[in-house]
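First up is the structure itself, then whatever we jot down about it.
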Amino acid sequence: MEILAVGEPLLEFHTRTATSPGIREADAFGVGYGGDTSNFAIASQRSGARTGYVTRIGDDDFGAALLRLWEREGVGTEHVVREAGGRTGIYFISRSESESRFTYYRAHSPASRLTPADIPADSVRRARLVHLTGITQAISTTACDATFHTMELARESGTLISYDPNLRPALWPAGRARAVVMRSVELCDIALPNLEEGRLLTGADSPEDVLDAFVRRGPSIVVLKMGAQGALLAHEGAVTYIAPHPVDAVDATGAGDTFDGVFAARLLDGVSPQEAARHAAVAAALTTTGPGAVTPIPHRDVVEAALTGGQPPVRQSKPIRR
């Protein structure tokens with residue numbers, strides 16, 4: 001496989017429509033899938049890459065649903081461990097007109113018990129790129145150790161490392177988060193922070209200063225994602241502004257993960273980082289036009305149609321199997 005992602009998947013329950021704060025109806029939630037690295041793997045796969053996933057899930061119904069998802073999407077599951085008696089993590093998205101609120105039930109999940117022993121050394125060495133995030137590092141010390149072990153293997157073999165800080169302050173102390181994330185930035189080839197977390201991590205304010213703070217840590221490519229304001233790409237001493245793709249946004253869940261996955265897939269196709277970022281920006285914007293993290297992730301032909309102003313192909317949606 002070309003791309004290997006390591007991390008934590010989650011089953012998702014999301015409100016079907018924006019509501020006033022609070023849950024009003026027992027049947028208000030649709031079922032979906034999430035977890036930043038799982039979203040990344042699916043976005044990469046839908047963009048044409050051959051992707052595999054390294055994680056741990058329970059042998060419960062939620063784990064089985066995630067396994068079926070990856071199999072349908074074509075994401076390799078040979079390194080997915082099903083833990084006997086494990087309870088796969090879940091989360092809820094409650095949307096109002098002004099915000100999306102997240103509630104997580106992931107403590108002691110199988111993914112939090114990921115260790116360096118779960119990392120397939122030969123697959124890391126054969127891959128062209130591995131993808132890691134700060135969320136995986138935050139959920140447990142052993143999962144954090146697993147990410148650094150992955151980076152060590154990748155650096156030894158010349159496998160590219162892409163890294164998204166995906167900073168979640170509620171998951172770990174600020175000092176540890178900053179130390180772990182910034183060390184990971186130093187070890188990676190491609191850093192993919194967003195502006196908000198970049199400000200928290202670097203102490204800088206302007207997008208240009210935040211970008212520069214990451215560039216000075218050493219990655220050969222840094223993309224600063226700025227949501228509706230587009231993105232800044234730093235590569236080989238030059239900074240390129242990537243314009244946003246206009247959409248009527250409904251739910252931004254997973255948009256950054258989609259950006260990461262499409263960017264990695266297109267980069268491995270041999271296009272320039274600038275062109276890869278343009279594809280990724282369009283894909284991320286399209287992801288916000290529907291609820292949940294996975295269902296709205298566009299396939300490559302849809303992104304290309306949006307880039308050229310053509311008509312996107314009609315796709316038959318697949319119902320979620322429970």
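Naming works like this for the structure tokens: A, B, ... for the chains as they're shown, residue 1 at the start of each chain, ligands 1 onward in shown order.
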Considering only C-alpha atoms, return as a short mmCIF file (atom, residue, chain, number, x, y, z; two decimals) with N, CA, C and O atoms, in the first residue's frame whatever protein or nucleic-acid residues lie within 12 Å of Gly218 in chain A, sequence-local ones (same chain, fewer than 4 positions apart) excluded.
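Written file, around_21.cif:
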```cif
data_model
loop_
_atom_site.label_atom_id
_atom_site.label_comp_id
_atom_site.auth_asym_id
_atom_site.auth_seq_id
_atom_site.Cartn_x
_atom_site.Cartn_y
_atom_site.Cartn_z
N MET A 182 5.24 19.71 18.84
CA MET A 182 6.31 20.41 18.14
C MET A 182 7.50 19.50 17.86
O MET A 182 8.20 19.67 16.85
N ARG A 183 7.74 18.51 18.73
CA ARG A 183 8.77 17.53 18.40
C ARG A 183 8.35 16.71 17.18
O ARG A 183 9.18 16.39 16.31
N SER A 184 7.08 16.38 17.09
CA SER A 184 6.59 15.63 15.93
C SER A 184 6.72 16.45 14.66
O SER A 184 7.04 15.91 13.59
N VAL A 185 6.47 17.74 14.75
CA VAL A 185 6.65 18.62 13.60
C VAL A 185 8.10 18.58 13.13
O VAL A 185 8.39 18.57 11.92
N GLU A 186 9.03 18.55 14.07
CA GLU A 186 10.45 18.49 13.71
C GLU A 186 10.82 17.19 12.99
O GLU A 186 11.73 17.16 12.18
N LEU A 187 10.08 16.12 13.30
CA LEU A 187 10.40 14.81 12.72
C LEU A 187 9.68 14.53 11.41
O LEU A 187 10.05 13.61 10.68
N CYS A 188 8.64 15.31 11.09
CA CYS A 188 7.83 15.00 9.92
C CYS A 188 8.37 15.69 8.67
O CYS A 188 9.18 16.62 8.73
N ASP A 189 7.88 15.24 7.53
CA ASP A 189 8.19 15.87 6.24
C ASP A 189 7.11 16.86 5.82
O ASP A 189 7.40 17.85 5.15
N ILE A 190 5.87 16.57 6.21
CA ILE A 190 4.71 17.38 5.82
C ILE A 190 3.92 17.71 7.07
O ILE A 190 3.39 16.81 7.73
N ALA A 191 3.86 18.99 7.44
CA ALA A 191 3.09 19.43 8.61
C ALA A 191 1.81 20.10 8.14
O ALA A 191 1.84 20.93 7.22
N LEU A 211 2.81 30.27 10.21
CA LEU A 211 3.41 29.42 9.18
C LEU A 211 4.92 29.38 9.33
O LEU A 211 5.53 28.30 9.31
N ASP A 212 5.53 30.53 9.52
CA ASP A 212 6.98 30.60 9.63
C ASP A 212 7.49 29.82 10.84
O ASP A 212 8.55 29.18 10.78
N ALA A 213 6.73 29.86 11.94
CA ALA A 213 7.15 29.14 13.14
C ALA A 213 7.21 27.63 12.88
O ALA A 213 8.09 26.94 13.41
N PHE A 214 6.30 27.13 12.08
CA PHE A 214 6.32 25.70 11.72
C PHE A 214 7.44 25.41 10.72
O PHE A 214 8.13 24.40 10.82
N VAL A 222 4.86 22.72 4.63
CA VAL A 222 3.92 23.09 5.68
C VAL A 222 2.69 23.69 5.01
O VAL A 222 2.81 24.58 4.17
N ALA A 234 3.84 26.49 2.38
CA ALA A 234 5.26 26.83 2.34
C ALA A 234 6.03 25.64 1.80
O ALA A 234 5.90 24.52 2.31
N HIS A 235 6.84 25.89 0.77
CA HIS A 235 7.63 24.83 0.15
C HIS A 235 8.80 25.45 -0.60
O HIS A 235 8.62 26.38 -1.39
N GLU A 236 9.98 24.95 -0.32
CA GLU A 236 11.21 25.39 -0.99
C GLU A 236 11.39 26.91 -0.94
O GLU A 236 11.75 27.54 -1.93
N GLY A 237 11.11 27.48 0.23
CA GLY A 237 11.35 28.90 0.43
C GLY A 237 10.27 29.82 -0.09
O GLY A 237 10.37 31.04 0.08
#
```
Output as a tab-separated table one row per residue of range 87-205 of chain A within 12 Å of range 260-282 of chain A: the closest atom pair and its distance in Å to one decimal place, counting only C-alpha atoms, sorted by chain and residue number ascending.
```
residue	atom	partner	partner_atom	distance
A:Ala127	CA	A:Leu268	CA	11.0
A:Arg128	CA	A:Leu268	CA	7.8
A:Leu129	CA	A:Ala264	CA	7.9
A:Val130	CA	A:Ala264	CA	9.5
A:His131	CA	A:Gly261	CA	8.8
A:Leu132	CA	A:Asp260	CA	10.5
A:Thr133	CA	A:Asp260	CA	10.6
A:Thr159	CA	A:Leu268	CA	11.7
A:Leu160	CA	A:Ala264	CA	9.8
A:Ile161	CA	A:Ala264	CA	9.9
A:Ser162	CA	A:Ala264	CA	7.8
A:Tyr163	CA	A:Asp260	CA	8.8
A:Asp164	CA	A:Asp260	CA	7.8
A:Pro165	CA	A:Asp260	CA	11.4
A:Asn166	CA	A:Asp260	CA	11.1
A:Asp189	CA	A:Ala264	CA	11.3
A:Ile190	CA	A:Ala264	CA	9.0
A:Ala191	CA	A:Asp260	CA	9.5
A:Leu192	CA	A:Asp260	CA	7.0
A:Pro193	CA	A:Asp260	CA	9.8
A:Asn194	CA	A:Asp260	CA	11.0
```
ask   = When DSSP works through the backbone of this structure, what residues of range 120-248 of chain A end up as alpha helix (DSSP H), shown as an NGL selection string?
value = :A and (121-126 or 134-139 or 141-157 or 174-187 or 195-202 or 207-215)
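In this structure, CA of Thr88 in chain A sits 11.7 Å away from CA of Gly34 in chain A.
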request  = Measuring atom to atom with only C-alpha atoms, identify which of A:Phe13, A:Leu4, A:Ser220, A:Gly290 is nearest to Ser94 in chain A.
outcome  =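 For Ser94 in chain A, the nearest of the given residues is A:Phe13.
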query = How far is it from CA of Gly203 in chain A to CA of Asp251 in chain A, in Å with one decimal?
reply =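 Distance reported for this atom pair: 28.3 Å.
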request  = With a distance cut-off of 8 Å and only C-alpha atoms, select the neighbouring residues of Val303 in chain A, excluding the residue or stretch itself and same-chain residues fewer than 2 positions from it, and output the selection as JSON, numbers by chain.
outcome  = {"A": [279, 282, 283, 298, 299, 300, 301, 305, 306, 307, 312]}
key: Shell of 8 Å around Thr77 in chain A, only C-alpha atoms, local chain residues under 2 positions omitted, as an MDAnalysis selection string   = chainID A and resid 52:54 67 70:71 75 79:80
inquiry  = For the strand (DSSP E) assignment from backbone DSSP, which residues of range 134-241 of chain A qualify? Please present them as a list in words.
reply    = Leu160, Ile161, Ser162, Tyr163, Asp164, Ile190, Ala191, Ile221, Val222, Val223, Leu224, Lys225, Ala231, Leu232, Leu233, Ala234, His235, Ala238, Val239, Thr240 and Tyr241 of chain A
Would you mind exporting C-alpha atoms of the selected residues as an mmCIF file, in the first residue's frame?
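Output contents, as saved in again.cif:
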```
data_model
loop_
_atom_site.group_PDB
_atom_site.id
_atom_site.type_symbol
_atom_site.label_atom_id
_atom_site.label_comp_id
_atom_site.auth_asym_id
_atom_site.auth_seq_id
_atom_site.Cartn_x
_atom_site.Cartn_y
_atom_site.Cartn_z
ATOM 1 C CA LEU A 160 7.457 10.265 4.068
ATOM 2 C CA ILE A 161 5.750 11.363 7.292
ATOM 3 C CA SER A 162 2.694 13.602 7.228
ATOM 4 C CA TYR A 163 1.525 15.004 10.548
ATOM 5 C CA ASP A 164 -1.555 16.935 11.630
ATOM 6 C CA ILE A 190 4.713 17.383 5.815
ATOM 7 C CA ALA A 191 3.093 19.430 8.611
ATOM 8 C CA ILE A 221 6.209 21.186 3.320
ATOM 9 C CA VAL A 222 3.916 23.091 5.679
ATOM 10 C CA VAL A 223 0.266 23.778 4.914
ATOM 11 C CA LEU A 224 -1.551 26.145 7.274
ATOM 12 C CA LYS A 225 -5.263 25.447 6.943
ATOM 13 C CA ALA A 231 -4.672 27.986 3.190
ATOM 14 C CA LEU A 232 -1.012 28.973 3.083
ATOM 15 C CA LEU A 233 1.527 26.556 1.630
ATOM 16 C CA ALA A 234 5.258 26.827 2.339
ATOM 17 C CA HIS A 235 7.629 24.831 0.149
ATOM 18 C CA ALA A 238 8.158 30.105 -1.264
ATOM 19 C CA VAL A 239 4.712 30.737 0.221
ATOM 20 C CA THR A 240 1.616 30.151 -1.903
ATOM 21 C CA TYR A 241 -1.891 31.273 -1.004
#
```
request  = Rank A:Ser206, A:Thr308, A:Gly198, A:Arg176 by their smallest atom-to-atom distance to His245 in chain A, using only C-alpha atoms, and report the top residue only.
outcome  = A:Thr308
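The residue that comes closest to Gln137 in chain A, out of A:His108, A:Arg168, A:Arg125, A:Arg68 and on the basis of only C-alpha atoms, is A:Arg168.
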message = One number please: CA of Gly74 in chain A to CA of Phe29 in chain A, in Å, one decimal.
response =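 Interatomic distance, CA of Gly74 in chain A to CA of Phe29 in chain A: 26.6 Å.
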Given only C-alpha atoms as the counted atoms, nearest of A:Pro169, A:Pro207, A:Gly7, A:Pro244 to Ser109 in chain A =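 Checking each candidate against Ser109 in chain A, we get A:Gly7 as the closest.
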inquiry  = What's around Ala177 in chain A at 9 Å? Count only C-alpha atoms, leave out sequence neighbours fewer than 3 positions away in its own chain, and write the answer as a VMD selection string.
reply    = chain A and resid 134 137 to 138 167 to 169 171 to 174 180 to 182 201
Write the residues of the preceding selection, restricted to N, CA, C and O atoms, as a compact mmCIF listing (two decimals), in the first residue's frame.
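Done, and the output landed in again01.txt:
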```
# COMPACT_ATOMS: atom_id res chain seq x y z
N GLY A 134 -1.93 14.41 16.33
CA GLY A 134 -1.84 14.69 17.75
C GLY A 134 -2.92 14.03 18.57
O GLY A 134 -2.72 13.78 19.76
N GLN A 137 -1.68 10.79 19.71
CA GLN A 137 -0.69 10.98 20.77
C GLN A 137 -1.33 11.36 22.10
O GLN A 137 -0.77 11.09 23.16
N ALA A 138 -2.50 11.98 22.04
CA ALA A 138 -3.14 12.47 23.25
C ALA A 138 -3.96 11.42 24.00
O ALA A 138 -4.18 11.55 25.20
N LEU A 167 -4.89 19.52 17.44
CA LEU A 167 -4.79 19.77 18.88
C LEU A 167 -6.16 19.79 19.53
O LEU A 167 -7.06 20.52 19.13
N ARG A 168 -6.32 18.99 20.58
CA ARG A 168 -7.53 18.96 21.38
C ARG A 168 -7.12 19.22 22.84
O ARG A 168 -6.72 18.29 23.55
N PRO A 169 -7.16 20.48 23.28
CA PRO A 169 -6.67 20.83 24.62
C PRO A 169 -7.33 20.03 25.74
O PRO A 169 -6.70 19.80 26.78
N LEU A 171 -7.86 16.97 25.88
CA LEU A 171 -7.35 15.61 25.99
C LEU A 171 -6.06 15.49 26.78
O LEU A 171 -5.74 14.41 27.27
N TRP A 172 -5.29 16.59 26.89
CA TRP A 172 -4.01 16.47 27.59
C TRP A 172 -3.50 17.83 28.04
O TRP A 172 -3.96 18.87 27.54
N PRO A 173 -2.56 17.85 29.01
CA PRO A 173 -2.05 19.13 29.53
C PRO A 173 -1.35 19.92 28.43
O PRO A 173 -0.70 19.37 27.54
N ALA A 174 -1.48 21.24 28.53
CA ALA A 174 -0.98 22.12 27.47
C ALA A 174 0.52 21.98 27.26
O ALA A 174 1.01 21.95 26.12
N VAL A 180 5.10 17.54 22.72
CA VAL A 180 4.96 16.37 21.86
C VAL A 180 4.68 16.79 20.43
O VAL A 180 5.28 16.28 19.47
N VAL A 181 3.76 17.74 20.25
CA VAL A 181 3.38 18.15 18.89
C VAL A 181 4.56 18.81 18.18
O VAL A 181 4.86 18.48 17.02
N MET A 182 5.24 19.71 18.84
CA MET A 182 6.31 20.41 18.14
C MET A 182 7.50 19.50 17.86
O MET A 182 8.20 19.67 16.85
N LEU A 201 -0.04 26.78 19.66
CA LEU A 201 1.21 26.05 19.77
C LEU A 201 2.45 26.93 19.65
O LEU A 201 3.48 26.65 20.24
```
